[in-house]
Amino acid sequence: MDVYEAVTSRRAVRAFTDRPVSVDVLRRVLAAAAWAPSGSNLQPWHTFVVTGGPLRHLKKLATERVAAGDAWDEAQYEMYPSALKSPYRERRHDFAEQRYGSLGIARTDLEARQRAAIANWDAFGAPAALFCYVDSDMGRPQWSDLGMYLQTVMLLLRAEGLDSCPQMAWAKVHETVGQIVEPRRGLILFCGMSIGFADLTADAARFRRAPLEETTTFLGGS
Ligand SMILES: Cc1cc2nc3c(=O)[nH]c(=O)nc-3n(C[C@H](O)[C@H](O)[C@H](O)COP(=O)(O)O)c2cc1C
């Protein structure tokens, strides 16, 4: 698979089959993803791969918590600015319309949206997941390093025929994740990632992107 194909075939998959994922393959992907760039080569990511019994246990604890309406764990970082300005507000609105529209859920039906959201903590049925932590004293440049690393992981997963969904939703229950992976002191959970084989019978909406001219400016020429 060439890089363009890996990039364009990657999407956030929210329905996986229960076909197991080989830990050897995940090891190969994560070893290769370590070649992702990072400022001064700090490699600030700390990754935990969870499969089998520990993942089943985590899914059970997390989904039970969320279904019971437990309060979220104290936030370790702000996921979005409290007041999203234009054009981000409109893009987020557009995303919600597309996402819930594809599930046949009205945007105003909060209960149905919450029911759909709970699948996050079941890792969308995936048989594997990873959790990406960073030291709490790292700054914005190191957080951007995490993004490059995680995208590298997701592209390599495509090359292995695997799909993924990055999920900040796991940060909302970081204490439950911590019970399973036991991160050392000082690490905070940026996000989880569900990993597996996409269930091709499920809806696979593709989310639109802003036109290139809206996000990118070319100066000079040829
Ligand atoms: C850092 C990060 C966190 C995300 N968190 C979630 C999440 O918690 N739940 C979810 O369903 N999707 C999550 N997504 C997926 C985005 O919604 C998705 O990437 C975006 O809508 C674009 O769609 P696409 O990836 O299918 O092209 C996350 C993506 C990123 C990069």
# chains A, B, ... in the order shown; residues from 1 in each chain; ligands from 1
>>> select_by_dssp(residues="region 76-158 of chain A", states="alpha helix (DSSP H)", output="number ranges by chain")
A: 88-102, 110-117, 140-158
>>> residues_around(residues="Ile195 (chain A)", least_positions_apart="2", cutoff="12 Å", atoms="only C-alpha atoms", output="PyMOL selection string")
chain A and resi 10-23+25-26+29+49-51+55+122-131+153-158+160-167+192-193+197-199
>>> select_by_dssp(residues="region 133-204 of chain A", states="strand (DSSP E)", output="ChimeraX atom specification")
/A:133-135,163-167,187-196
>>> residues_near_ligand(ligand="ligand 1", cutoff="10 Å", atoms="only C-alpha atoms and all ligand atoms", output="ChimeraX atom specification")
/A:7-14,79,91-92,94-96,98-99,116-121,123-124,146-147,150-151,164-172,190-194,204-209
>>> closest_residue(among="A:Val3, A:Pro54, A:Pro44, A:Glu90", to="Ser144 (chain A)", atoms="only C-alpha atoms")
A:Pro44
>>> atom_distance(atom1="CA of Ala67 (chain A)", atom2="CA of Arg89 (chain A)")
28.2 Å
>>> closest_residue(among="A:Arg27, A:Lys60, A:Arg65, A:His93", to="Phe48 (chain A)", atoms="only C-alpha atoms")
A:Arg27
>>> closest_residue(among="A:Thr176, A:Ser136, A:Thr201, A:Thr215", to="His46 (chain A)", atoms="only C-alpha atoms")
A:Ser136
>>> closest_residue(among="A:Tyr149, A:Leu187, A:Pro87, A:Cys132", to="Ala210 (chain A)", atoms="only C-alpha atoms")
A:Pro87
>>> atom_distance(atom1="CA of Gln114 (chain A)", atom2="CA of Lys59 (chain A)")
16.5 Å
>>> decode(residues="region 114-151 of chain A", atoms="N, CA and C atoms", output="CSV table (one decimal), in the first residue's frame")
chain,number,residue,atom,x,y,z
A,114,GLN,N,-26.2,9.8,23.4
A,114,GLN,CA,-25.4,9.2,24.6
A,114,GLN,C,-25.3,7.7,24.4
A,115,ARG,N,-26.4,7.1,24.0
A,115,ARG,CA,-26.3,5.6,23.8
A,115,ARG,C,-25.3,5.3,22.7
A,116,ALA,N,-25.2,6.1,21.6
A,116,ALA,CA,-24.3,5.8,20.6
A,116,ALA,C,-22.8,6.1,21.1
A,117,ALA,N,-22.7,7.1,22.0
A,117,ALA,CA,-21.4,7.5,22.5
A,117,ALA,C,-20.8,6.4,23.4
A,118,ILE,N,-21.7,5.6,24.0
A,118,ILE,CA,-21.2,4.6,25.0
A,118,ILE,C,-20.3,3.6,24.3
A,119,ALA,N,-20.5,3.4,23.0
A,119,ALA,CA,-19.7,2.4,22.2
A,119,ALA,C,-18.2,2.8,22.3
A,120,ASN,N,-17.9,4.1,22.6
A,120,ASN,CA,-16.5,4.5,22.7
A,120,ASN,C,-15.8,3.6,23.8
A,121,TRP,N,-16.5,3.4,24.9
A,121,TRP,CA,-15.8,2.7,26.0
A,121,TRP,C,-15.9,1.2,25.9
A,122,ASP,N,-16.5,0.7,24.8
A,122,ASP,CA,-16.5,-0.7,24.5
A,122,ASP,C,-15.4,-0.8,23.3
A,123,ALA,N,-14.7,0.2,23.1
A,123,ALA,CA,-13.7,0.3,22.0
A,123,ALA,C,-14.3,-0.1,20.7
A,124,PHE,N,-15.6,0.2,20.6
A,124,PHE,CA,-16.4,0.0,19.3
A,124,PHE,C,-16.3,-1.5,18.9
A,125,GLY,N,-16.1,-2.4,19.9
A,125,GLY,CA,-16.0,-3.8,19.7
A,125,GLY,C,-14.7,-4.3,19.2
A,126,ALA,N,-13.7,-3.4,19.2
A,126,ALA,CA,-12.3,-3.8,18.8
A,126,ALA,C,-11.7,-4.8,19.7
A,127,PRO,N,-10.9,-5.7,19.2
A,127,PRO,CA,-10.2,-6.7,20.1
A,127,PRO,C,-8.8,-6.2,20.6
A,128,ALA,N,-8.4,-4.9,20.2
A,128,ALA,CA,-7.2,-4.4,20.7
A,128,ALA,C,-7.3,-2.9,20.9
A,129,ALA,N,-6.5,-2.3,21.8
A,129,ALA,CA,-6.5,-0.9,22.0
A,129,ALA,C,-5.2,-0.5,22.5
A,130,LEU,N,-4.9,0.8,22.2
A,130,LEU,CA,-3.7,1.4,22.8
A,130,LEU,C,-4.1,2.6,23.5
A,131,PHE,N,-3.2,3.0,24.5
A,131,PHE,CA,-3.5,4.2,25.3
A,131,PHE,C,-2.2,5.0,25.3
A,132,CYS,N,-2.3,6.2,24.9
A,132,CYS,CA,-1.1,7.1,24.7
A,132,CYS,C,-1.0,8.1,25.8
A,133,TYR,N,0.0,8.1,26.6
A,133,TYR,CA,0.3,9.0,27.7
A,133,TYR,C,1.4,9.9,27.4
A,134,VAL,N,1.4,11.0,28.1
A,134,VAL,CA,2.5,12.0,28.0
A,134,VAL,C,2.8,12.5,29.4
A,135,ASP,N,4.0,12.9,29.7
A,135,ASP,CA,4.4,13.5,31.0
A,135,ASP,C,3.6,14.8,31.1
A,136,SER,N,3.1,15.1,32.3
A,136,SER,CA,2.2,16.2,32.5
A,136,SER,C,3.0,17.5,32.3
A,137,ASP,N,4.3,17.5,32.4
A,137,ASP,CA,5.0,18.8,32.3
A,137,ASP,C,5.5,19.1,30.8
A,138,MET,N,5.1,18.2,29.9
A,138,MET,CA,5.4,18.5,28.5
A,138,MET,C,4.5,19.6,28.0
A,139,GLY,N,5.0,20.3,27.0
A,139,GLY,CA,4.3,21.5,26.4
A,139,GLY,C,3.6,21.2,25.1
A,140,ARG,N,3.1,22.2,24.5
A,140,ARG,CA,2.3,22.0,23.2
A,140,ARG,C,3.1,21.4,22.1
A,141,PRO,N,4.4,21.7,22.0
A,141,PRO,CA,5.2,21.0,20.9
A,141,PRO,C,5.3,19.5,21.1
A,142,GLN,N,5.4,19.1,22.4
A,142,GLN,CA,5.5,17.6,22.6
A,142,GLN,C,4.1,17.0,22.4
A,143,TRP,N,3.0,17.7,22.7
A,143,TRP,CA,1.7,17.2,22.4
A,143,TRP,C,1.5,17.0,20.9
A,144,SER,N,2.1,18.0,20.1
A,144,SER,CA,2.0,17.8,18.7
A,144,SER,C,2.8,16.6,18.2
A,145,ASP,N,3.9,16.3,18.9
A,145,ASP,CA,4.7,15.1,18.6
A,145,ASP,C,3.8,13.9,18.7
A,146,LEU,N,3.0,13.9,19.7
A,146,LEU,CA,2.1,12.7,19.9
A,146,LEU,C,1.2,12.5,18.7
A,147,GLY,N,0.7,13.7,18.2
A,147,GLY,CA,-0.2,13.6,17.0
A,147,GLY,C,0.5,12.9,15.8
A,148,MET,N,1.8,13.3,15.6
A,148,MET,CA,2.5,12.8,14.5
A,148,MET,C,2.7,11.3,14.7
A,149,TYR,N,3.1,11.0,15.9
A,149,TYR,CA,3.3,9.5,16.2
A,149,TYR,C,2.0,8.7,16.0
A,150,LEU,N,0.9,9.2,16.5
A,150,LEU,CA,-0.3,8.5,16.4
A,150,LEU,C,-0.8,8.3,15.0
A,151,GLN,N,-0.6,9.4,14.2
A,151,GLN,CA,-1.0,9.2,12.8
A,151,GLN,C,-0.1,8.2,12.1
